[in-house]
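Data from input.txt: compact mmCIF, C-alpha atoms
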```txt
# COMPACT_ATOMS: atom_id res chain seq x y z
CA MET A 1 -151.07 199.45 109.79
CA TYR A 2 -154.80 199.69 109.07
CA SER A 3 -155.43 196.03 108.19
CA VAL A 4 -154.46 192.68 109.72
CA THR A 5 -152.56 191.48 106.63
CA GLN A 6 -150.59 194.72 106.40
CA ARG A 7 -149.63 194.54 110.07
CA ALA A 8 -148.60 190.88 109.69
CA ASN A 9 -146.43 191.77 106.69
CA VAL A 10 -144.74 194.68 108.49
CA ILE A 11 -144.10 192.77 111.73
CA LEU A 12 -142.72 189.63 110.08
CA CYS A 13 -140.48 191.70 107.78
CA PHE A 14 -139.16 193.64 110.75
CA GLY A 15 -138.46 190.37 112.59
CA GLY A 16 -136.47 189.18 109.58
CA ILE A 17 -134.49 192.42 109.43
CA VAL A 18 -133.65 192.20 113.16
CA LEU A 19 -132.59 188.56 112.69
CA ALA A 20 -130.29 189.61 109.84
CA GLY A 21 -128.93 192.37 112.09
CA VAL A 22 -128.05 190.05 114.98
CA LEU A 23 -126.51 187.63 112.47
CA LEU A 24 -124.35 190.48 111.12
CA LEU A 25 -123.24 191.30 114.67
CA ASN A 26 -122.49 187.61 115.13
CA ILE A 27 -120.25 187.66 112.04
CA LEU A 28 -118.52 190.81 113.31
CA SER A 29 -117.73 189.02 116.60
CA ARG A 30 -115.81 186.26 114.78
CA PRO A 31 -112.35 187.93 114.70
CA PHE A 32 -112.34 188.11 118.51
CA PHE A 33 -112.32 184.34 118.91
CA PRO A 34 -109.05 182.40 118.70
CA ASN A 35 -108.48 180.34 115.59
CA GLU A 36 -104.95 179.13 116.19
CA VAL A 37 -104.33 175.50 117.04
CA THR A 38 -101.31 173.40 117.79
CA VAL A 39 -101.21 169.98 116.23
CA ASP A 40 -98.93 167.02 116.74
CA LEU A 41 -98.71 165.26 113.40
CA LYS A 42 -96.27 162.52 112.50
CA LEU A 43 -95.82 159.63 110.13
CA SER A 44 -96.59 156.36 111.83
CA SER A 45 -95.65 153.86 109.17
CA LEU A 46 -95.24 153.37 105.44
CA PRO A 47 -96.74 149.94 104.69
CA ARG A 48 -96.87 150.23 100.91
CA PHE A 49 -94.66 152.06 98.45
CA ASN A 50 -94.62 150.71 94.95
CA GLN A 51 -95.44 151.45 91.34
CA ASN A 52 -98.45 150.42 89.35
CA THR A 53 -100.15 151.10 86.05
CA PHE A 54 -103.09 153.46 86.04
CA LYS A 55 -103.41 155.33 82.73
CA GLY A 56 -99.68 154.97 82.46
CA PRO A 57 -97.13 154.19 85.16
CA VAL A 58 -97.71 155.75 88.58
CA GLU A 59 -96.00 155.54 91.91
CA TYR A 60 -98.10 155.16 95.03
CA ALA A 61 -97.33 155.39 98.71
CA GLN A 62 -99.52 154.61 101.68
CA LEU A 63 -98.74 157.12 104.42
CA VAL A 64 -100.17 156.15 107.81
CA VAL A 65 -100.20 159.10 110.22
CA ASP A 66 -100.82 159.83 113.89
CA ILE A 67 -102.75 163.01 114.74
CA GLN A 68 -103.13 164.61 118.12
CA THR A 69 -104.79 167.98 118.58
CA ASP A 70 -107.40 169.87 120.57
CA LEU A 71 -109.86 171.90 118.50
CA THR A 72 -112.39 172.65 121.27
CA HIS A 73 -111.74 176.41 121.28
CA LEU A 74 -112.56 176.64 117.55
CA PHE A 75 -116.21 175.94 118.34
CA ASN A 76 -117.75 179.33 119.02
CA TRP A 77 -121.29 180.49 118.34
CA ASN A 78 -120.64 180.98 114.66
CA THR A 79 -119.09 177.60 113.97
CA LYS A 80 -121.23 175.08 112.18
CA MET A 81 -118.57 172.47 111.64
CA LEU A 82 -114.92 171.94 110.88
CA PHE A 83 -113.43 170.21 107.89
CA LEU A 84 -110.05 168.70 108.67
CA TYR A 85 -107.63 167.23 106.18
CA ILE A 86 -103.99 166.33 105.95
CA THR A 87 -102.04 167.07 102.81
CA ALA A 88 -98.75 165.57 101.70
CA GLU A 89 -96.71 168.22 99.94
CA TYR A 90 -93.62 167.61 97.83
CA GLN A 91 -91.69 169.16 94.98
CA THR A 92 -90.87 167.69 91.64
CA ASP A 93 -88.55 168.97 88.92
CA GLU A 94 -91.50 170.06 86.86
CA TYR A 95 -93.81 171.50 89.52
CA GLN A 96 -92.96 173.44 92.65
CA THR A 97 -96.07 172.54 94.61
CA ASN A 98 -97.77 169.17 94.71
CA GLU A 99 -100.46 168.67 97.33
CA ILE A 100 -102.30 165.41 97.88
CA VAL A 101 -104.98 164.89 100.50
CA ILE A 102 -104.27 161.69 102.42
CA TRP A 103 -106.85 161.96 105.20
CA ASP A 104 -109.99 163.99 105.85
CA TYR A 105 -112.56 164.29 108.58
CA ILE A 106 -115.74 166.28 109.20
CA LEU A 107 -116.02 167.44 112.80
CA LYS A 108 -119.54 168.45 113.80
CA GLU A 109 -119.67 168.20 117.59
CA LYS A 110 -117.73 170.21 120.13
CA SER A 111 -117.62 167.13 122.37
CA ASP A 112 -115.58 165.26 119.72
CA ALA A 113 -113.09 168.07 119.23
CA VAL A 114 -110.22 166.51 121.17
CA ILE A 115 -108.62 164.42 118.46
CA ASN A 116 -106.21 161.66 119.28
CA LYS A 117 -106.15 159.30 116.35
CA LYS A 118 -103.48 156.73 115.67
CA GLN A 119 -102.78 154.78 112.48
CA GLN A 120 -104.95 156.90 110.19
CA TRP A 121 -104.97 156.71 106.43
CA GLU A 122 -107.60 157.09 103.75
CA TYR A 123 -106.06 157.88 100.39
CA PHE A 124 -102.90 156.83 98.61
CA VAL A 125 -100.35 159.35 97.49
CA ILE A 126 -100.38 158.71 93.75
CA ASP A 127 -97.73 160.41 91.62
CA PRO A 128 -97.85 160.07 87.84
CA ALA A 129 -94.50 161.85 87.54
CA MET A 130 -92.73 158.86 89.17
CA SER A 131 -90.78 161.20 91.42
CA LEU A 132 -91.59 159.94 94.91
CA ARG A 133 -88.46 157.88 95.50
CA ASN A 134 -85.87 159.76 97.58
CA ASN A 135 -88.22 162.75 97.64
CA THR A 136 -88.86 164.86 100.71
CA VAL A 137 -92.51 164.91 101.77
CA ASN A 138 -94.01 167.45 104.14
CA LEU A 139 -97.21 166.54 105.97
CA ARG A 140 -99.44 169.48 106.88
CA PHE A 141 -102.63 169.71 108.87
CA ASN A 142 -105.39 171.84 107.28
CA TYR A 143 -108.62 172.93 108.88
CA ASN A 144 -111.48 174.84 107.30
CA ILE A 145 -113.91 176.56 109.65
CA ILE A 146 -117.41 176.42 108.20
CA PRO A 147 -119.48 179.13 109.95
CA ILE A 148 -123.22 179.56 110.41
CA SER A 149 -122.87 182.71 108.34
CA GLY A 150 -119.91 184.46 106.82
CA LEU A 151 -116.96 183.24 104.86
CA VAL A 152 -115.27 179.86 105.19
CA THR A 153 -111.76 180.37 106.52
CA LYS A 154 -108.90 178.04 105.67
CA HIS A 155 -105.93 177.44 107.93
CA LYS A 156 -102.83 175.33 107.61
CA VAL A 157 -100.68 174.38 110.58
CA GLY A 158 -98.23 171.75 111.69
CA SER A 159 -95.47 170.22 109.72
CA HIS A 160 -93.77 166.87 109.63
CA THR A 161 -91.02 166.38 107.08
CA PHE A 162 -89.62 163.00 106.14
CA LYS A 163 -87.79 161.42 103.26
CA LEU A 164 -89.28 158.56 101.31
CA PRO A 165 -86.96 155.55 100.84
CA SER A 166 -85.06 154.99 97.65
CA ASN A 167 -86.41 151.46 97.24
CA TYR A 168 -89.97 150.27 96.92
CA ILE A 169 -91.62 148.55 99.85
CA LYS A 170 -93.61 145.59 98.61
CA ALA A 171 -96.62 144.71 100.68
CA MET B 172 -158.02 200.22 115.20
CA ASP B 173 -157.81 204.00 115.34
CA PHE B 174 -154.89 206.23 114.35
CA GLN B 175 -153.46 206.45 117.89
CA GLY B 176 -153.74 202.67 118.16
CA GLN B 177 -151.86 202.22 114.89
CA LYS B 178 -149.05 204.43 116.15
CA LEU B 179 -148.95 202.53 119.47
CA ALA B 180 -148.90 199.16 117.68
CA GLU B 181 -146.02 200.30 115.50
CA ARG B 182 -144.00 201.41 118.54
CA ILE B 183 -144.80 198.15 120.37
CA TYR B 184 -143.57 195.80 117.64
CA GLN B 185 -140.46 197.85 116.88
CA TYR B 186 -139.25 198.17 120.48
CA LEU B 187 -140.26 194.60 121.39
CA ILE B 188 -138.38 192.90 118.55
CA ILE B 189 -135.29 195.10 118.89
CA ILE B 190 -135.09 194.55 122.66
CA CYS B 191 -135.55 190.80 122.16
CA GLY B 192 -132.77 190.89 119.56
CA ILE B 193 -130.39 192.68 121.95
CA ILE B 194 -131.15 190.35 124.88
CA GLY B 195 -130.94 187.29 122.62
CA TRP B 196 -127.62 188.43 121.19
CA ILE B 197 -126.14 188.88 124.67
CA ILE B 198 -127.46 185.52 125.90
CA GLY B 199 -126.28 183.78 122.73
CA PHE B 200 -122.85 185.35 123.17
CA ILE B 201 -122.63 184.19 126.79
CA LYS B 202 -123.85 180.68 125.98
CA GLN B 203 -121.87 180.65 122.69
CA ASP B 204 -124.89 179.27 120.85
CA PHE B 205 -126.71 181.25 118.17
CA THR B 206 -129.85 179.10 118.60
CA TYR B 207 -130.75 181.17 121.69
CA THR B 208 -130.53 184.40 119.68
CA PHE B 209 -132.71 182.97 116.94
CA TYR B 210 -135.37 181.82 119.41
CA PHE B 211 -135.38 185.23 121.12
CA VAL B 212 -135.94 187.09 117.84
CA ALA B 213 -138.54 184.56 116.65
CA GLY B 214 -140.28 184.69 120.03
CA GLY B 215 -140.26 188.48 120.01
CA THR B 216 -141.78 188.50 116.53
CA GLY B 217 -144.47 186.04 117.62
CA LEU B 218 -145.28 188.10 120.72
CA ALA B 219 -145.45 191.27 118.62
CA CYS B 220 -147.87 189.50 116.27
CA LEU B 221 -150.00 188.48 119.23
CA LEU B 222 -150.04 192.02 120.66
CA CYS B 223 -150.48 193.98 117.44
CA LEU B 224 -152.30 191.81 114.89
CA PRO B 225 -155.78 191.45 116.41
CA ASP B 226 -157.90 194.53 116.88
CA TRP B 227 -157.50 194.60 120.67
CA PRO B 228 -159.57 197.09 122.74
CA TYR B 229 -156.41 198.88 123.98
CA LEU B 230 -155.75 199.95 120.37
CA ASN B 231 -159.24 201.48 120.09
CA ARG B 232 -159.23 203.98 122.91
CA ASN B 233 -159.30 207.10 120.72
CA PRO B 234 -162.14 206.57 118.28
CA LEU B 235 -162.66 209.18 115.61
CA ASN B 236 -165.62 211.46 116.02
CA TRP B 237 -167.30 211.09 112.71
CA GLN B 238 -169.83 213.66 111.71
CA LYS B 239 -173.35 212.47 111.85
CA PRO B 240 -174.66 211.52 108.44
CA GLU B 241 -176.97 214.02 106.92
CA VAL B 242 -180.47 212.73 106.85
CA LYS B 243 -182.05 213.71 103.62
CA ASP B 244 -185.77 214.21 103.61
CA LYS B 245 -187.58 212.90 100.61
```
Show this structure as structure tokens.
Amino acid sequence: MYSVTQRANVILCFGGIVLAGVLLLNILSRPFFPNEVTVDLKLSSLPRFNQNTFKGPVEYAQLVVDIQTDLTHLFNWNTKMLFLYITAEYQTDEYQTNEIVIWDYILKEKSDAVINKKQQWEYFVIDPAMSLRNNTVNLRFNYNIIPISGLVTKHKVGSHTFKLPSNYIKA
Amino acid sequence: MDFQGQKLAERIYQYLIIICGIIGWIIGFIKQDFTYTFYFVAGGTGLACLLCLPDWPYLNRNPLNWQKPEVKDK
């Protein structure tokens, strides 16, 4: 503490340590905030369902979904943003779990957190195993909470099960 | 800056930044925005720098009584 540079070093270091301390307390406050949501997710339409050739024969389906949910309470003081995505899950003879992302969204603002989106689709469900016909598909809503500090948490809620038709739908 | 002043400066920056951290944490929790907490800690650090970095007169109130230099006769 006898010179200006030494005092500057000590004070700025201590400020950094206190900042890390309040950040740690911030992380410790995370479990006290709710992270459960209810989501209304359903298939709106199936405009395209056909087969094509892409490195061998593949089946593809265009699942158009409606999403309705309120994520406002997920925005607390340790939330930077939310990553939302919808997966289509189905089983084949060979593999128990097949998950394909059909829609995703990055939510940054608390004011946009009430989601009511109709007729959404981004990605085709592409199946190289040619097993989509007559298969049961389960749509699930996933949300990852990306915090200011701490670990990213992944959650999966909602479920909408439907059966794909036995015939192709030609667009 | 004398020894008493150094001790005082050390107490000032420690208490100031910690109290700013506590207040900022509470305000950030109430407002649910960590930006407030960050600005409180950064502001407390800046204020501590302002109070403790320069050699202010209030840190020089206990000067050391040095012995008078011996004057050697040639």
- [ ] For segment 192-199 of chain B, list every protein, DNA or RNA residue within 7 Å, evaluated using all atoms listed in the file, and leave out those in the same chain fewer than 6 positions away; present the list as a list of chain:residue names.
- [x] A:Val18, A:Val22, B:Phe205, B:Tyr207, B:Thr208, B:Phe211, B:Val212
Task: Spatial neighbours of Trp227 of chain B, 10 Å, only C-alpha atoms, chain gap at least 5 places, as a PyMOL selection string - done: chain B and resi 172+176+221-222+232
- [ ] Fewer than 2 positions away in the same chain doesn't count, so skip those; otherwise give me all residues within 12 Å of Leu164 of chain A, counting all atoms listed in the file, as a VMD selection string.
- [x] chain A and resid 43 45 to 50 59 to 63 88 90 125 131 to 138 161 to 162 166 to 169
TODO: Quote the spacing between atom CA of Gln175 of chain B and atom CA of Leu230 of chain B in Å to one decimal place.
DONE: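 For atom CA of Gln175 of chain B relative to atom CA of Leu230 of chain B, the distance reads 7.3 Å.
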TODO: Output the contact residues of chain B with respect to chain A at a cut-off of 6 Å, based on all atoms listed in the file, as a PyMOL selection string.
DONE: chain B and resi 177+203-205+216+224
Give me the residues near segment 117-124 of chain A as a PDB file with C-alpha atoms, in the frame of the given file, where near means some atom within 6 Å (using all atoms listed in the file) and where sequence neighbours in that chain fewer than 6 positions away do not count.
```pdb
ATOM      1  CA  ALA A  61     -97.330 155.390  98.710  1.00  0.00           C
ATOM      2  CA  GLN A  62     -99.520 154.610 101.680  1.00  0.00           C
ATOM      3  CA  VAL A  64    -100.170 156.150 107.810  1.00  0.00           C
ATOM      4  CA  VAL A  65    -100.200 159.100 110.220  1.00  0.00           C
ATOM      5  CA  ASP A  66    -100.820 159.830 113.890  1.00  0.00           C
ATOM      6  CA  ILE A  67    -102.750 163.010 114.740  1.00  0.00           C
ATOM      7  CA  ILE A 102    -104.270 161.690 102.420  1.00  0.00           C
ATOM      8  CA  TRP A 103    -106.850 161.960 105.200  1.00  0.00           C
TER       9      TRP A 103
END
```
Open item on the list: Let me make sure I understand: among A:Ser149, A:Asn52, A:Thr97, A:Thr69, which one has the smallest atom-to-atom distance to Leu84 of chain A if we use only C-alpha atoms?
Closed with: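 Once distances to Leu84 of chain A are computed over only C-alpha atoms, the minimum belongs to A:Thr69.
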Task: Two-atom distance - atom CA of Phe141 of chain A, atom CA of Asp127 of chain A (Å) - done: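 Interatomic distance, atom CA of Phe141 of chain A to atom CA of Asp127 of chain A: 20.2 Å.
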Open item on the list: I'd like the interatomic distance between atom CA of Arg140 of chain A and atom CA of Lys55 of chain A, to a tenth of an Å.
Closed with: 28.3 Å
Task: Shortest interatomic distance to Gly217 of chain B - which of B:Ile188, B:Pro234, B:Asp244, B:Arg182, counting all atoms listed in the file - done: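 Smallest distance to Gly217 of chain B is found for B:Ile188.
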Task: Among listed residues A:Ile146, A:Ile100, A:Ile86, A:Ala129, nearest Asp40 of chain A (using only C-alpha atoms) - done: A:Ile86
